[in-house]
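One file, start.tsv, carrying TSV, C-alpha atoms:
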chain	number	residue	atom	x	y	z
T	1	MET	CA	133.70	84.24	239.57
T	2	ILE	CA	131.22	83.16	236.88
T	3	LEU	CA	132.20	79.92	235.17
T	4	THR	CA	131.18	79.41	231.53
T	5	VAL	CA	131.37	76.08	229.72
T	6	THR	CA	131.45	76.09	225.92
T	7	PRO	CA	131.44	72.49	224.67
T	8	ASN	CA	131.72	73.52	221.00
T	9	PRO	CA	133.89	76.68	220.79
T	10	ALA	CA	135.04	78.25	217.55
T	11	LEU	CA	137.36	80.69	215.93
T	12	ASP	CA	134.96	83.41	214.79
T	13	VAL	CA	135.77	85.09	211.49
T	14	THR	CA	133.77	88.25	210.72
T	15	TYR	CA	133.62	89.78	207.24
T	16	THR	CA	132.15	93.26	206.87
T	17	VAL	CA	130.57	94.17	203.52
T	18	PRO	CA	128.71	97.31	202.38
T	19	CYS	CA	125.55	95.37	201.43
T	20	PHE	CA	125.19	91.60	201.53
T	21	ARG	CA	123.38	89.91	198.64
T	22	PRO	CA	123.30	86.13	198.10
T	23	HIS	CA	124.54	84.52	194.88
T	24	THR	CA	127.03	87.25	194.03
T	25	SER	CA	130.58	88.39	194.82
T	26	HIS	CA	131.36	90.89	197.55
T	27	ARG	CA	134.25	93.22	198.29
T	28	VAL	CA	135.09	92.74	201.96
T	29	THR	CA	135.85	96.02	203.75
T	30	GLY	CA	136.91	94.53	207.08
T	31	VAL	CA	138.06	91.20	208.56
T	32	ALA	CA	138.24	90.31	212.24
T	33	THR	CA	138.98	87.05	214.04
T	34	GLN	CA	138.48	86.18	217.68
T	35	ALA	CA	137.79	83.26	219.99
T	36	GLY	CA	134.11	82.43	219.89
T	37	GLY	CA	131.33	80.15	220.96
T	38	LYS	CA	128.41	81.25	223.10
T	39	GLY	CA	130.06	80.71	226.48
T	40	VAL	CA	133.19	82.52	225.34
T	41	ASN	CA	131.06	85.47	224.26
T	42	VAL	CA	129.37	85.48	227.66
T	43	ALA	CA	132.73	85.53	229.43
T	44	ARG	CA	134.02	88.29	227.14
T	45	VAL	CA	131.04	90.51	227.95
T	46	LEU	CA	131.31	89.80	231.68
T	47	THR	CA	135.00	90.65	231.64
T	48	ALA	CA	134.27	93.95	229.88
T	49	LEU	CA	131.75	94.72	232.62
T	50	GLY	CA	134.40	94.11	235.26
T	51	ARG	CA	132.88	90.79	236.37
T	52	PRO	CA	135.39	87.96	236.88
T	53	ALA	CA	134.68	85.10	234.48
T	54	ARG	CA	136.47	81.92	233.44
T	55	CYS	CA	135.94	79.82	230.29
T	56	VAL	CA	136.15	76.03	230.24
T	57	LEU	CA	136.33	74.74	226.68
T	58	PRO	CA	137.80	71.90	224.57
T	59	LEU	CA	140.47	73.02	222.11
T	60	GLY	CA	142.47	71.13	219.51
T	61	GLY	CA	144.52	71.49	216.34
T	62	PRO	CA	145.79	74.70	214.71
T	63	THR	CA	142.42	76.43	215.06
T	64	GLY	CA	142.36	75.58	218.74
T	65	ASP	CA	145.82	77.10	219.09
T	66	ALA	CA	144.54	80.29	217.46
T	67	VAL	CA	141.59	80.40	219.86
T	68	ARG	CA	143.91	79.92	222.85
T	69	THR	CA	146.22	82.67	221.62
T	70	GLU	CA	143.38	85.15	221.18
T	71	LEU	CA	141.89	84.36	224.61
T	72	THR	CA	145.26	85.10	226.19
T	73	ALA	CA	145.72	88.31	224.18
T	74	ALA	CA	142.23	89.47	225.16
T	75	GLY	CA	142.89	88.83	228.84
T	76	LEU	CA	140.13	86.23	229.15
T	77	ASP	CA	140.64	83.69	231.93
T	78	HIS	CA	140.36	80.24	230.38
T	79	ALA	CA	140.88	76.56	231.15
T	80	PRO	CA	141.31	74.57	227.92
T	81	VAL	CA	140.74	70.83	227.65
T	82	PRO	CA	142.98	69.26	224.96
T	83	ILE	CA	141.21	67.24	222.24
T	84	ALA	CA	142.47	65.43	219.14
T	85	GLY	CA	140.22	67.16	216.60
T	86	ASP	CA	140.65	70.64	215.13
T	87	THR	CA	138.42	73.30	216.69
T	88	ARG	CA	135.76	74.59	214.31
T	89	ARG	CA	135.40	77.99	212.69
T	90	THR	CA	132.36	80.19	212.18
T	91	VAL	CA	132.01	82.88	209.53
T	92	ALA	CA	129.78	85.94	209.96
T	93	VAL	CA	129.12	88.20	206.99
T	94	ILE	CA	127.68	91.47	208.24
T	95	ASP	CA	126.39	94.64	206.62
T	96	PRO	CA	124.78	97.69	208.26
T	97	THR	CA	121.44	95.96	208.80
T	98	ASP	CA	121.99	92.24	209.48
T	99	ALA	CA	124.33	89.25	209.61
T	100	THR	CA	124.61	85.94	207.75
T	101	MET	CA	126.21	83.05	209.66
T	102	LEU	CA	128.07	79.96	208.45
T	103	ASN	CA	128.66	77.56	211.33
T	104	GLU	CA	130.87	74.48	211.05
T	105	PRO	CA	129.67	71.46	213.07
T	106	GLY	CA	132.80	71.10	215.19
T	107	PRO	CA	135.18	68.21	215.91
T	108	VAL	CA	134.02	64.89	217.29
T	109	LEU	CA	134.65	64.48	221.03
T	110	ASP	CA	135.27	60.91	222.12
T	111	PRO	CA	133.96	59.71	225.52
T	112	ALA	CA	137.31	60.30	227.25
T	113	GLU	CA	137.44	63.88	225.96
T	114	TRP	CA	133.89	64.55	227.14
T	115	ASP	CA	134.72	63.12	230.57
T	116	ALA	CA	137.78	65.39	230.69
T	117	LEU	CA	135.57	68.42	229.97
T	118	VAL	CA	133.24	67.45	232.81
T	119	ALA	CA	136.19	66.90	235.15
T	120	GLU	CA	137.68	70.28	234.28
T	121	THR	CA	134.34	71.93	234.99
T	122	ARG	CA	134.18	70.19	238.37
T	123	ARG	CA	137.68	71.43	239.20
T	124	HIS	CA	136.65	75.08	238.90
T	125	LEU	CA	133.18	74.92	240.44
T	126	PRO	CA	134.30	75.47	244.06
T	127	GLN	CA	135.31	79.04	243.08
T	128	ALA	CA	132.19	79.72	240.98
T	129	ALA	CA	129.15	81.80	241.95
T	130	VAL	CA	127.19	80.86	238.79
T	131	LEU	CA	127.64	78.15	236.15
T	132	VAL	CA	126.74	79.08	232.55
T	133	LEU	CA	126.33	76.33	229.95
T	134	SER	CA	126.05	77.69	226.42
T	135	GLY	CA	125.82	76.62	222.81
T	136	SER	CA	125.57	73.45	220.80
T	137	LEU	CA	126.95	70.11	221.90
T	138	PRO	CA	129.75	68.91	219.60
T	139	PRO	CA	129.48	65.70	217.60
T	140	GLY	CA	130.18	62.71	219.83
T	141	ALA	CA	128.96	64.38	223.04
T	142	PRO	CA	126.20	62.48	224.88
T	143	VAL	CA	122.70	63.81	224.27
T	144	ASP	CA	122.36	64.22	228.04
T	145	GLY	CA	125.68	66.06	228.22
T	146	TYR	CA	124.10	69.25	229.51
T	147	ALA	CA	122.03	67.25	232.00
T	148	GLN	CA	125.31	65.94	233.42
T	149	LEU	CA	126.72	69.44	233.74
T	150	VAL	CA	123.51	70.89	235.23
T	151	THR	CA	123.48	68.12	237.85
T	152	LEU	CA	127.14	68.80	238.59
T	153	GLY	CA	126.51	72.51	239.07
T	154	ARG	CA	123.53	71.93	241.32
T	155	THR	CA	125.61	69.68	243.61
T	156	PHE	CA	127.68	72.80	244.36
T	157	ASP	CA	124.47	74.68	245.26
T	158	ILE	CA	124.96	77.47	242.70
T	159	PRO	CA	122.63	78.79	239.98
T	160	VAL	CA	122.98	77.05	236.63
T	161	VAL	CA	122.07	78.93	233.44
T	162	LEU	CA	121.50	76.86	230.31
T	163	ASP	CA	121.41	78.38	226.81
T	164	ALA	CA	120.83	75.47	224.44
T	165	ASP	CA	118.10	74.18	222.15
T	166	GLY	CA	116.70	71.04	220.60
T	167	PRO	CA	117.36	67.60	222.12
T	168	ALA	CA	120.21	68.94	224.30
T	169	LEU	CA	117.82	71.36	226.00
T	170	LEU	CA	115.00	68.87	226.44
T	171	ALA	CA	117.34	66.20	227.85
T	172	ALA	CA	118.66	68.69	230.43
T	173	LEU	CA	115.30	69.81	231.83
T	174	PRO	CA	114.85	66.91	234.32
T	175	ALA	CA	118.15	67.99	235.94
T	176	ARG	CA	116.39	71.28	236.87
T	177	PRO	CA	118.50	74.12	235.47
T	178	THR	CA	117.95	77.36	237.39
T	179	VAL	CA	117.21	79.39	234.25
T	180	ILE	CA	117.02	78.40	230.59
T	181	LYS	CA	117.27	81.03	227.83
T	182	PRO	CA	115.56	80.02	224.58
T	183	ASN	CA	114.53	82.45	221.86
T	184	ALA	CA	111.00	82.53	220.43
T	185	SER	CA	111.76	79.99	217.71
T	186	GLU	CA	113.45	77.62	220.15
T	187	LEU	CA	110.47	77.89	222.51
T	188	THR	CA	108.09	76.82	219.77
T	189	THR	CA	110.39	74.03	218.57
T	190	ALA	CA	110.76	72.64	222.08
T	191	THR	CA	107.04	72.69	222.91
T	192	GLY	CA	105.04	72.97	219.70
T	193	LEU	CA	103.27	76.00	221.18
T	194	PRO	CA	103.24	79.39	219.43
T	195	ASP	CA	102.45	81.48	222.51
T	196	PRO	CA	105.66	82.20	224.49
T	197	HIS	CA	103.85	82.30	227.86
T	198	ASP	CA	102.30	78.87	227.30
T	199	ALA	CA	105.57	77.48	225.95
T	200	ALA	CA	107.55	78.81	228.91
T	201	ARG	CA	105.12	77.31	231.41
T	202	THR	CA	105.38	73.97	229.64
T	203	LEU	CA	109.16	74.03	230.06
T	204	LEU	CA	108.71	74.87	233.74
T	205	ARG	CA	106.57	71.78	234.13
T	206	ARG	CA	109.30	69.74	232.43
T	207	GLY	CA	111.92	70.82	234.96
T	208	ALA	CA	113.28	74.33	234.38
T	209	GLU	CA	112.99	76.57	237.43
T	210	ALA	CA	112.70	79.70	235.28
T	211	VAL	CA	112.61	80.65	231.59
T	212	LEU	CA	114.12	83.82	230.16
T	213	ALA	CA	112.94	84.04	226.57
T	214	SER	CA	114.39	86.34	223.90
T	215	LEU	CA	111.58	87.72	221.74
T	216	GLY	CA	113.63	89.81	219.30
T	217	ALA	CA	112.36	93.37	218.98
T	218	ASP	CA	109.79	92.61	221.68
T	219	GLY	CA	112.52	92.26	224.27
T	220	LEU	CA	112.60	89.64	227.01
T	221	LEU	CA	110.00	87.57	228.81
T	222	ALA	CA	110.83	85.96	232.17
T	223	VAL	CA	108.54	83.27	233.57
T	224	ASP	CA	108.91	81.34	236.81
T	225	THR	CA	106.55	79.74	239.33
T	226	HIS	CA	105.72	83.16	240.79
T	227	GLY	CA	104.68	84.94	237.60
T	228	ALA	CA	105.87	86.61	234.42
T	229	TRP	CA	107.77	89.82	233.64
T	230	ARG	CA	108.47	91.70	230.42
T	231	CYS	CA	110.96	94.32	229.30
T	232	ALA	CA	111.52	95.68	225.79
T	233	PRO	CA	113.72	98.35	224.19
T	234	PRO	CA	111.96	101.62	223.34
T	235	ALA	CA	112.63	101.11	219.62
T	236	ALA	CA	113.91	98.41	217.30
T	237	VAL	CA	117.70	98.24	217.05
T	238	THR	CA	119.38	97.34	213.75
T	239	GLY	CA	122.87	95.99	213.27
T	240	ASN	CA	124.56	92.66	213.95
T	241	PRO	CA	122.36	90.49	216.19
T	242	THR	CA	125.09	87.84	216.56
T	243	GLY	CA	125.95	87.56	220.23
T	244	ALA	CA	122.96	89.55	221.51
T	245	GLY	CA	121.62	86.46	223.26
T	246	ASP	CA	125.01	85.84	224.84
T	247	SER	CA	124.96	89.35	226.29
T	248	THR	CA	121.52	88.58	227.70
T	249	VAL	CA	123.01	85.53	229.40
T	250	ALA	CA	125.92	87.61	230.71
T	251	ALA	CA	123.51	90.08	232.32
T	252	LEU	CA	121.47	87.19	233.72
T	253	ALA	CA	124.51	85.50	235.24
T	254	ALA	CA	125.75	88.77	236.73
T	255	GLY	CA	122.32	89.36	238.27
T	256	LEU	CA	122.07	85.85	239.68
T	257	SER	CA	125.53	86.17	241.24
T	258	GLY	CA	124.18	89.12	243.26
T	259	ASN	CA	120.78	87.54	244.01
T	260	ALA	CA	119.01	90.18	241.88
T	261	GLY	CA	115.36	89.77	240.91
T	262	TRP	CA	113.73	90.09	237.48
T	263	SER	CA	113.02	93.78	237.99
T	264	ALA	CA	116.78	94.40	237.97
T	265	ILE	CA	117.93	91.63	235.63
T	266	LEU	CA	115.56	92.28	232.72
T	267	PRO	CA	116.40	95.98	232.09
T	268	ASP	CA	120.10	95.21	232.31
T	269	ALA	CA	119.76	92.27	229.93
T	270	VAL	CA	117.69	94.20	227.38
T	271	ALA	CA	120.07	97.16	227.44
T	272	LEU	CA	123.16	94.99	227.09
T	273	SER	CA	121.62	92.89	224.32
T	274	ALA	CA	120.58	95.97	222.32
T	275	ALA	CA	124.01	97.54	222.79
T	276	THR	CA	125.56	94.34	221.43
T	277	VAL	CA	123.51	94.58	218.22
T	278	LEU	CA	125.11	98.00	217.70
T	279	HIS	CA	128.61	96.49	217.71
T	280	PRO	CA	129.92	94.62	214.64
T	281	ARG	CA	131.33	91.66	216.63
T	282	ALA	CA	129.82	89.18	219.07
T	283	GLY	CA	131.05	89.47	222.63
T	284	HIS	CA	131.35	93.26	222.40
T	285	PHE	CA	128.86	96.06	223.00
T	286	ASP	CA	128.42	99.80	222.59
T	287	ASP	CA	129.11	100.97	226.14
T	288	ALA	CA	127.49	104.40	225.78
T	289	ALA	CA	124.31	102.87	224.33
T	290	TYR	CA	124.24	100.25	227.09
T	291	ARG	CA	124.42	102.83	229.87
T	292	ARG	CA	121.88	105.13	228.20
T	293	LEU	CA	119.38	102.33	227.68
T	294	ARG	CA	119.91	100.83	231.11
T	295	HIS	CA	118.74	104.01	232.81
T	296	SER	CA	115.63	104.30	230.62
T	297	LEU	CA	114.25	100.76	230.96
T	298	THR	CA	111.99	99.13	233.53
T	299	ALA	CA	110.49	95.66	233.80
T	300	SER	CA	106.75	95.12	234.15
T	301	ARG	CA	104.95	92.24	235.77
T	302	VAL	CA	102.51	90.76	233.27
T	303	GLY	CA	100.73	88.13	235.32
T	304	ALA	CA	100.92	85.40	237.92
T	305	VAL	CA	101.06	81.72	237.10
T	306	SER	CA	97.67	80.12	237.74
T	307	PRO	CA	97.69	77.30	240.32
T	308	PHE	CA	95.99	74.91	237.90
T	309	ALA	CA	99.01	75.11	235.60
T	310	TRP	CA	100.92	72.86	237.97

Starting from the coordinates I provided, produce the structure as structure tokens.
Amino acid sequence: MILTVTPNPALDVTYTVPCFRPHTSHRVTGVATQAGGKGVNVARVLTALGRPARCVLPLGGPTGDAVRTELTAAGLDHAPVPIAGDTRRTVAVIDPTDATMLNEPGPVLDPAEWDALVAETRRHLPQAAVLVLSGSLPPGAPVDGYAQLVTLGRTFDIPVVLDADGPALLAALPARPTVIKPNASELTTATGLPDPHDAARTLLRRGAEAVLASLGADGLLAVDTHGAWRCAPPAAVTGNPTGAGDSTVAALAAGLSGNAGWSAILPDAVALSAATVLHPRAGHFDDAAYRRLRHSLTASRVGAVSPFAW
């Protein structure tokens, strides 16, 4: 079982419009709601792939009730932690070429609620093969919240995947997450370096054991102490990019649970991410496109890490 922790879940509301333009009115052609948050999306994709997954997440108020109801209806294994505040909502406005996101900050978690989330995570770790930590930390959470959870996962001797950015990411690096998954912008923000190879190696020196970086249309770059690997889709994919990174994390977690190497993980992650862009909602993917792409992709080694870098 792959355990995902989503400290700041949401009820995702998706509006579909023919062509989005700011500063004007739109006629909405479709509305969909579902439980969301990055770790929830990861678990949803894993479940669709036939991989057992369980979500740990704080839920509260009427919106939290709606999230819990949808998780149950979707057949997603979940372990909610009650909180006093109302769970946040996110709104995605999508058209055939892109998506515009409106993300609420989320409810404040007090120290007792954060401790309850950590305790609930600990309760499920003995059954977990991989721990996935995804998304923003909610208001009130300690800045080293992810560091606490990474340390907890490592005490159970399982891989820990961290998909976070900003101070939450940097504070977690000394706890030595197995793999971190920033995108190109997050790499530059975290290190001040424009080159993704240099930025990834800097994050390795700060504590990450490996970096899997999303580079948009250029695919994925994996860097660890043994070298670097790349894999990219054969052509740019247009659609709704929301959730594509979560599908990358799902493929990564599935690969780590089977001790797969980058040569197997990267093509699977690129194919699954691209197939997610082709679906209008996060946490879902175009299965036919995924299988077609998966068989056409290979990962290439693009260099070893020089000894002087360490």

Worksheet item: When you draw a straight line from CA of Asp246 in chain T to CA of Pro111 in chain T, how long is it in Å?
Response: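 Atom-to-atom, CA of Asp246 in chain T and CA of Pro111 in chain T are spaced 27.6 Å apart.
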
Fill in: Selection: 8 Å around range 153-169 of chain T, only C-alpha atoms, excl. self and same-chain fewer than 2 positions, as a PyMOL selection string
chain T and resi 125-126+128-137+143-146+149-151+171-173+177-182+186+189-190+249+253+256

Discussion item. Let me make sure I understand: among T:Ala112, T:Ala92, T:Ala73, T:Val223, which one has the smallest atom-to-atom distance to Gly140 in chain T if we use all atoms listed in the file?
Written reply: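 Nearest to Gly140 in chain T: T:Ala112.
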
Fill in: Distance of CA of Pro105 in chain T from CA of Arg89 in chain T, expressed in Å to one decimal place
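One can read the CA of Arg89 in chain T to CA of Pro105 in chain T distance as 8.7 Å.
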
Fill in: Non-local contacts of Ala288 in chain T (12 Å; all atoms listed in the file; under 6 positions in same chain excluded) as a PyMOL selection string
chain T and resi 271-272+274-276+278-279+294-295

Worksheet item: Which one of T:Asn41, T:Thr87, T:Thr33, T:Gln148 sits closest to Leu117 in chain T if you count all atoms listed in the file?
Response: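 Checking each of T:Asn41, T:Thr87, T:Thr33, T:Gln148 against Leu117 in chain T, counting all atoms listed in the file, the winner is T:Gln148.
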
Item to complete: Rounded to one decimal place, report the CA of Thr72 in chain T-CA of Gly37 in chain T distance in Å.
Response: 15.7 Å

Discussion item. Which residue is closest to Pro267 in chain T? Choose from T:Ser247, T:Thr298, T:Thr29, T:Thr24 and count all atoms listed in the file.
Written reply: T:Thr298

Fill in: Using only C-alpha atoms: which of T:Gln127, T:Ser25, T:Thr6, T:Ser263 has the shortest distance to Val81 in chain T
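Looking at the shortest contact to Val81 in chain T, the residue is T:Thr6.
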
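Among the candidates T:Arg230, T:Arg201, T:Arg301, T:Arg206, the one nearest to Pro174 in chain T when counting all atoms listed in the file is T:Arg206.
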
Practice prompt. Find the residues around Ala84 in chain T up to 8 Å (only C-alpha atoms counted), leave out those fewer than 2 positions away in its own chain, and share them as a ChimeraX atom specification.
Written response: /T:60-61,82,86

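Ranking T:Arg21, T:Arg205, T:Lys38, T:His124 by their shortest atom-to-atom distance to Arg176 in chain T, with only C-alpha atoms included, puts T:Arg205 first.
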